[in-house]
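upload-v3.pdb follows; it contains PDB, C-alpha atoms, pLDDT in the B column.
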```
ATOM      1  CA  PRO Y 183       4.690  11.471 -24.662  1.00 84.00           C
ATOM      2  CA  LEU Y 184       4.710  15.163 -23.750  1.00 88.00           C
ATOM      3  CA  ALA Y 185       4.740  16.149 -27.424  1.00 91.00           C
ATOM      4  CA  CYS Y 186       1.849  13.762 -28.157  1.00 92.00           C
ATOM      5  CA  ARG Y 187      -0.340  14.993 -25.323  1.00 93.00           C
ATOM      6  CA  THR Y 188      -3.856  16.278 -25.729  1.00 92.00           C
ATOM      7  CA  GLY Y 189      -3.870  19.859 -26.976  1.00 92.00           C
ATOM      8  CA  VAL Y 190      -0.850  19.550 -29.281  1.00 92.00           C
ATOM      9  CA  PRO Y 191      -2.194  19.808 -32.837  1.00 93.00           C
ATOM     10  CA  PRO Y 192      -0.774  18.218 -35.983  1.00 93.00           C
ATOM     11  CA  ALA Y 193       0.691  20.631 -38.523  1.00 91.00           C
ATOM     12  CA  ARG Y 194      -0.874  18.738 -41.428  1.00 90.00           C
ATOM     13  CA  PRO Y 195      -3.833  16.375 -41.636  1.00 88.00           C
ATOM     14  CA  ASP Y 196      -1.656  13.529 -42.959  1.00 88.00           C
ATOM     15  CA  GLY Y 197       1.649  12.051 -41.812  1.00 83.00           C
ATOM     16  CA  LEU Y 198       3.096  10.959 -38.502  1.00 80.00           C
ATOM     17  CA  GLY Y 199       2.233  14.170 -36.695  1.00 85.00           C
ATOM     18  CA  ALA Y 200      -1.461  13.701 -37.424  1.00 87.00           C
ATOM     19  CA  ALA Y 201      -1.306  10.051 -36.328  1.00 88.00           C
ATOM     20  CA  VAL Y 202       0.047  10.735 -32.842  1.00 90.00           C
ATOM     21  CA  ALA Y 203      -0.631  14.391 -32.018  1.00 89.00           C
ATOM     22  CA  GLY Y 204      -3.133  14.672 -29.195  1.00 88.00           C
ATOM     23  CA  ALA Y 205      -3.154  10.901 -28.626  1.00 92.00           C
ATOM     24  CA  VAL Y 206      -1.785  10.866 -25.061  1.00 94.00           C
ATOM     25  CA  PRO Y 207      -3.800  12.249 -22.139  1.00 95.00           C
ATOM     26  CA  VAL Y 208      -1.999  14.997 -20.224  1.00 95.00           C
ATOM     27  CA  ARG Y 209      -1.968  12.969 -17.012  1.00 96.00           C
ATOM     28  CA  SER Y 210      -0.341   9.985 -18.751  1.00 95.00           C
ATOM     29  CA  ALA Y 211       2.277  12.229 -20.350  1.00 94.00           C
ATOM     30  CA  ALA Y 212       3.114  13.755 -16.971  1.00 95.00           C
ATOM     31  CA  VAL Y 213       3.406  10.301 -15.376  1.00 96.00           C
ATOM     32  CA  ALA Y 214       5.736   9.191 -18.188  1.00 95.00           C
ATOM     33  CA  ALA Y 215       7.925  12.262 -17.658  1.00 94.00           C
ATOM     34  CA  LEU Y 216       8.101  11.583 -13.923  1.00 95.00           C
ATOM     35  CA  LEU Y 217       9.011   7.953 -14.545  1.00 96.00           C
ATOM     36  CA  VAL Y 218      11.833   9.014 -16.868  1.00 95.00           C
ATOM     37  CA  MET Y 219      13.180  11.417 -14.244  1.00 95.00           C
ATOM     38  CA  ALA Y 220      12.962   8.696 -11.590  1.00 97.00           C
ATOM     39  CA  ALA Y 221      14.798   6.231 -13.832  1.00 97.00           C
ATOM     40  CA  CYS Y 222      17.513   8.802 -14.509  1.00 96.00           C
ATOM     41  CA  ALA Y 223      17.853   9.488 -10.783  1.00 97.00           C
ATOM     42  CA  ALA Y 224      18.080   5.747 -10.103  1.00 97.00           C
ATOM     43  CA  ALA Y 225      20.798   5.368 -12.721  1.00 96.00           C
ATOM     44  CA  GLY Y 226      22.658   8.338 -11.259  1.00 96.00           C
ATOM     45  CA  ALA Y 227      22.352   6.888  -7.763  1.00 96.00           C
ATOM     46  CA  LEU Y 228      24.984   4.354  -8.781  1.00 96.00           C
ATOM     47  CA  PHE Y 229      27.419   7.278  -8.502  1.00 94.00           C
ATOM     48  CA  GLY Y 230      26.112   8.474  -5.153  1.00 94.00           C
ATOM     49  CA  PRO Y 231      23.498  11.002  -4.022  1.00 94.00           C
ATOM     50  CA  TYR Y 232      25.034  13.810  -6.089  1.00 95.00           C
ATOM     51  CA  GLY Y 233      24.846  11.587  -9.167  1.00 95.00           C
ATOM     52  CA  ALA Y 234      21.145  10.943  -8.581  1.00 96.00           C
ATOM     53  CA  VAL Y 235      20.408  14.661  -8.401  1.00 96.00           C
ATOM     54  CA  GLN Y 236      22.665  15.411 -11.362  1.00 96.00           C
ATOM     55  CA  HIS Y 237      21.003  12.802 -13.585  1.00 97.00           C
ATOM     56  CA  ALA Y 238      17.497  13.869 -12.589  1.00 96.00           C
ATOM     57  CA  LEU Y 239      18.317  17.529 -13.305  1.00 96.00           C
ATOM     58  CA  ALA Y 240      19.809  16.577 -16.666  1.00 97.00           C
ATOM     59  CA  ALA Y 241      16.519  14.874 -17.545  1.00 96.00           C
ATOM     60  CA  VAL Y 242      14.605  17.974 -16.441  1.00 96.00           C
ATOM     61  CA  ALA Y 243      16.856  20.177 -18.590  1.00 97.00           C
ATOM     62  CA  GLY Y 244      16.205  17.940 -21.590  1.00 97.00           C
ATOM     63  CA  LEU Y 245      12.459  18.049 -21.005  1.00 96.00           C
ATOM     64  CA  ILE Y 246      12.484  21.837 -20.673  1.00 96.00           C
ATOM     65  CA  ALA Y 247      14.487  22.265 -23.878  1.00 97.00           C
ATOM     66  CA  ALA Y 248      12.148  19.934 -25.747  1.00 96.00           C
ATOM     67  CA  GLN Y 249       9.107  21.770 -24.388  1.00 96.00           C
ATOM     68  CA  LEU Y 250      10.506  25.122 -25.529  1.00 97.00           C
ATOM     69  CA  LEU Y 251      11.192  23.726 -29.003  1.00 97.00           C
ATOM     70  CA  LEU Y 252       7.720  22.167 -29.110  1.00 96.00           C
ATOM     71  CA  ARG Y 253       6.114  25.482 -28.231  1.00 96.00           C
ATOM     72  CA  HIS Y 254       8.125  27.222 -30.947  1.00 97.00           C
ATOM     73  CA  CYS Y 255       7.235  24.609 -33.580  1.00 95.00           C
ATOM     74  CA  VAL Y 256       3.523  24.706 -32.738  1.00 95.00           C
ATOM     75  CA  ARG Y 257       3.569  28.482 -33.014  1.00 96.00           C
ATOM     76  CA  ARG Y 258       5.638  28.472 -36.217  1.00 96.00           C
ATOM     77  CA  PHE Y 259       4.133  25.481 -38.060  1.00 93.00           C
ATOM     78  CA  GLY Y 260       0.713  25.372 -36.461  1.00 93.00           C
ATOM     79  CA  GLY Y 261       1.400  21.941 -34.970  1.00 93.00           C
ATOM     80  CA  VAL Y 262       3.761  18.997 -35.020  1.00 94.00           C
ATOM     81  CA  THR Y 263       5.129  16.774 -37.767  1.00 93.00           C
ATOM     82  CA  GLY Y 264       7.237  13.648 -37.717  1.00 92.00           C
ATOM     83  CA  ASP Y 265      10.314  15.808 -38.220  1.00 94.00           C
ATOM     84  CA  VAL Y 266       9.348  17.879 -35.188  1.00 95.00           C
ATOM     85  CA  PHE Y 267       9.162  14.693 -33.095  1.00 94.00           C
ATOM     86  CA  GLY Y 268      12.641  13.735 -34.278  1.00 95.00           C
ATOM     87  CA  ALA Y 269      13.982  17.191 -33.497  1.00 96.00           C
ATOM     88  CA  LEU Y 270      12.444  17.071 -30.029  1.00 96.00           C
ATOM     89  CA  ALA Y 271      14.097  13.736 -29.262  1.00 96.00           C
ATOM     90  CA  GLU Y 272      17.497  14.887 -30.511  1.00 97.00           C
ATOM     91  CA  THR Y 273      17.260  18.196 -28.647  1.00 97.00           C
ATOM     92  CA  ALA Y 274      16.254  16.566 -25.358  1.00 97.00           C
ATOM     93  CA  ALA Y 275      19.037  13.984 -25.596  1.00 97.00           C
ATOM     94  CA  THR Y 276      21.678  16.554 -26.508  1.00 98.00           C
ATOM     95  CA  VAL Y 277      20.712  18.942 -23.716  1.00 98.00           C
ATOM     96  CA  ALA Y 278      20.654  16.107 -21.162  1.00 97.00           C
ATOM     97  CA  LEU Y 279      24.096  14.894 -22.241  1.00 96.00           C
ATOM     98  CA  VAL Y 280      25.537  18.406 -22.173  1.00 97.00           C
ATOM     99  CA  ALA Y 281      24.072  18.936 -18.697  1.00 96.00           C
ATOM    100  CA  LEU Y 282      25.639  15.680 -17.507  1.00 94.00           C
ATOM    101  CA  THR Y 283      28.992  16.629 -19.029  1.00 94.00           C
ATOM    102  CA  LEU Y 284      29.033  20.124 -17.527  1.00 93.00           C
ATOM    103  CA  GLY Y 285      27.830  18.851 -14.154  1.00 82.00           C
ATOM    104  CA  SER Y 286      30.634  16.379 -13.635  1.00 71.00           C
TER
END
```
Can you turn what I pasted into structure tokens?
Amino acid sequence: PLACRTGVPPARPDGLGAAVAGAVPVRSAAVAALLVMAACAAAGALFGPYGAVQHALAAVAGLIAAQLLLRHCVRRFGGVTGDVFGALAETAATVALVALTLGS
């Protein structure tokens, strides 16, 4: 949702990027991000208080990495494409998993 928020332009007028870019209000995207962090913290809580913090921080790291890549792609391509959305998902997941692995 953060990559589809208002203010993120599509790189081309056709394709997936044009269909979803700017479709999510900023407030809704922020709420979705907070819900994901809360769900990660809840899942981590199964391993104790440290696990809750660790999982929440891993989600934050993934979101930050995806945001940095999004900013780069918008600057480089002029907006987002379907491939950019795929790259954002893969980057966020990889960074979160690496953060969980290094934090344990």
Q: Could you tell me which residues the PyMOL selection byres ((chain Y and resi 270) around 9) grabs in this file, written as a list in words?
A: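 This file gives the following for the PyMOL selection byres ((chain Y and resi 270) around 9): Ala185, Ala247, Ala248, Gln249, Leu251, Leu252, Asp265, Val266, Phe267, Gly268, Ala269, Ala271, Glu272, Thr273, Ala274 and Ala275 of chain Y.
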Q: Between Y:Thr263, Y:Ala281, Y:Ala200, Y:Gly189, single out the one closest to Val235 in chain Y, counting only C-alpha atoms.
A: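 Between Y:Thr263, Y:Ala281, Y:Ala200, Y:Gly189, the residue approaching Val235 in chain Y most closely is Y:Ala281.
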Q: Please evaluate the PyMOL selection byres ((chain Y and resi 209-211) around 12) against the structure above and give the resulting residues as a list in words.
A: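 So the PyMOL selection byres ((chain Y and resi 209-211) around 12), applied here, picks out Pro183, Leu184, Ala185, Cys186, Arg187, Thr188, Gly189, Val190, Gly204, Ala205, Val206, Pro207, Val208, Ala212, Val213, Ala214, Ala215, Leu216, Leu217, Val218 and Leu245 of chain Y.
For the choices Y:Ala227, Y:Val262, Y:Ala240, Y:Met219, the atom-to-atom distance to Pro195 in chain Y is smallest for Y:Val262 when using all atoms listed in the file.
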(Q) What's the separation between CA of Ala278 in chain Y and CA of Arg258 in chain Y, in Å to one decimal place? (A)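 Between CA of Ala278 in chain Y and CA of Arg258 in chain Y the gap works out to 24.6 Å.
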**Q.** Nearest to His237 in chain Y, chosen from Y:Gly197, Y:Val256, Y:Leu279, Y:Pro192, with all atoms listed in the file counted in the distances
**A.**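 Residue with the minimum atom-to-atom distance to His237 in chain Y: Y:Leu279.
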(Q) Report, in Å with one decimal, the straight-line distance from CA of Leu282 in chain Y to CA of Phe229 in chain Y. (A)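 Those two atoms sit 12.4 Å apart.
Taking CA of Ala221 in chain Y and CA of Cys255 in chain Y as endpoints, the distance between them is 28.0 Å.
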With 8 Å added on each side, what axis-aligned box encloses every listed atom of range 258-277 of chain Y? Give the centre and edge lengths in Å to one decimal, as JSON.
```
{"center_x": 11.2, "center_y": 21.1, "center_z": -31.0, "size_x": 37.0, "size_y": 30.8, "size_z": 30.5}
```
Q.
Using only C-alpha atoms, can you tell me which of Y:Ile246, Y:Gly264, Y:Thr276, Y:Ser286 comes closest to Ala203 in chain Y?
A.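 Smallest separation from Ala203 in chain Y among the options: Y:Gly264.
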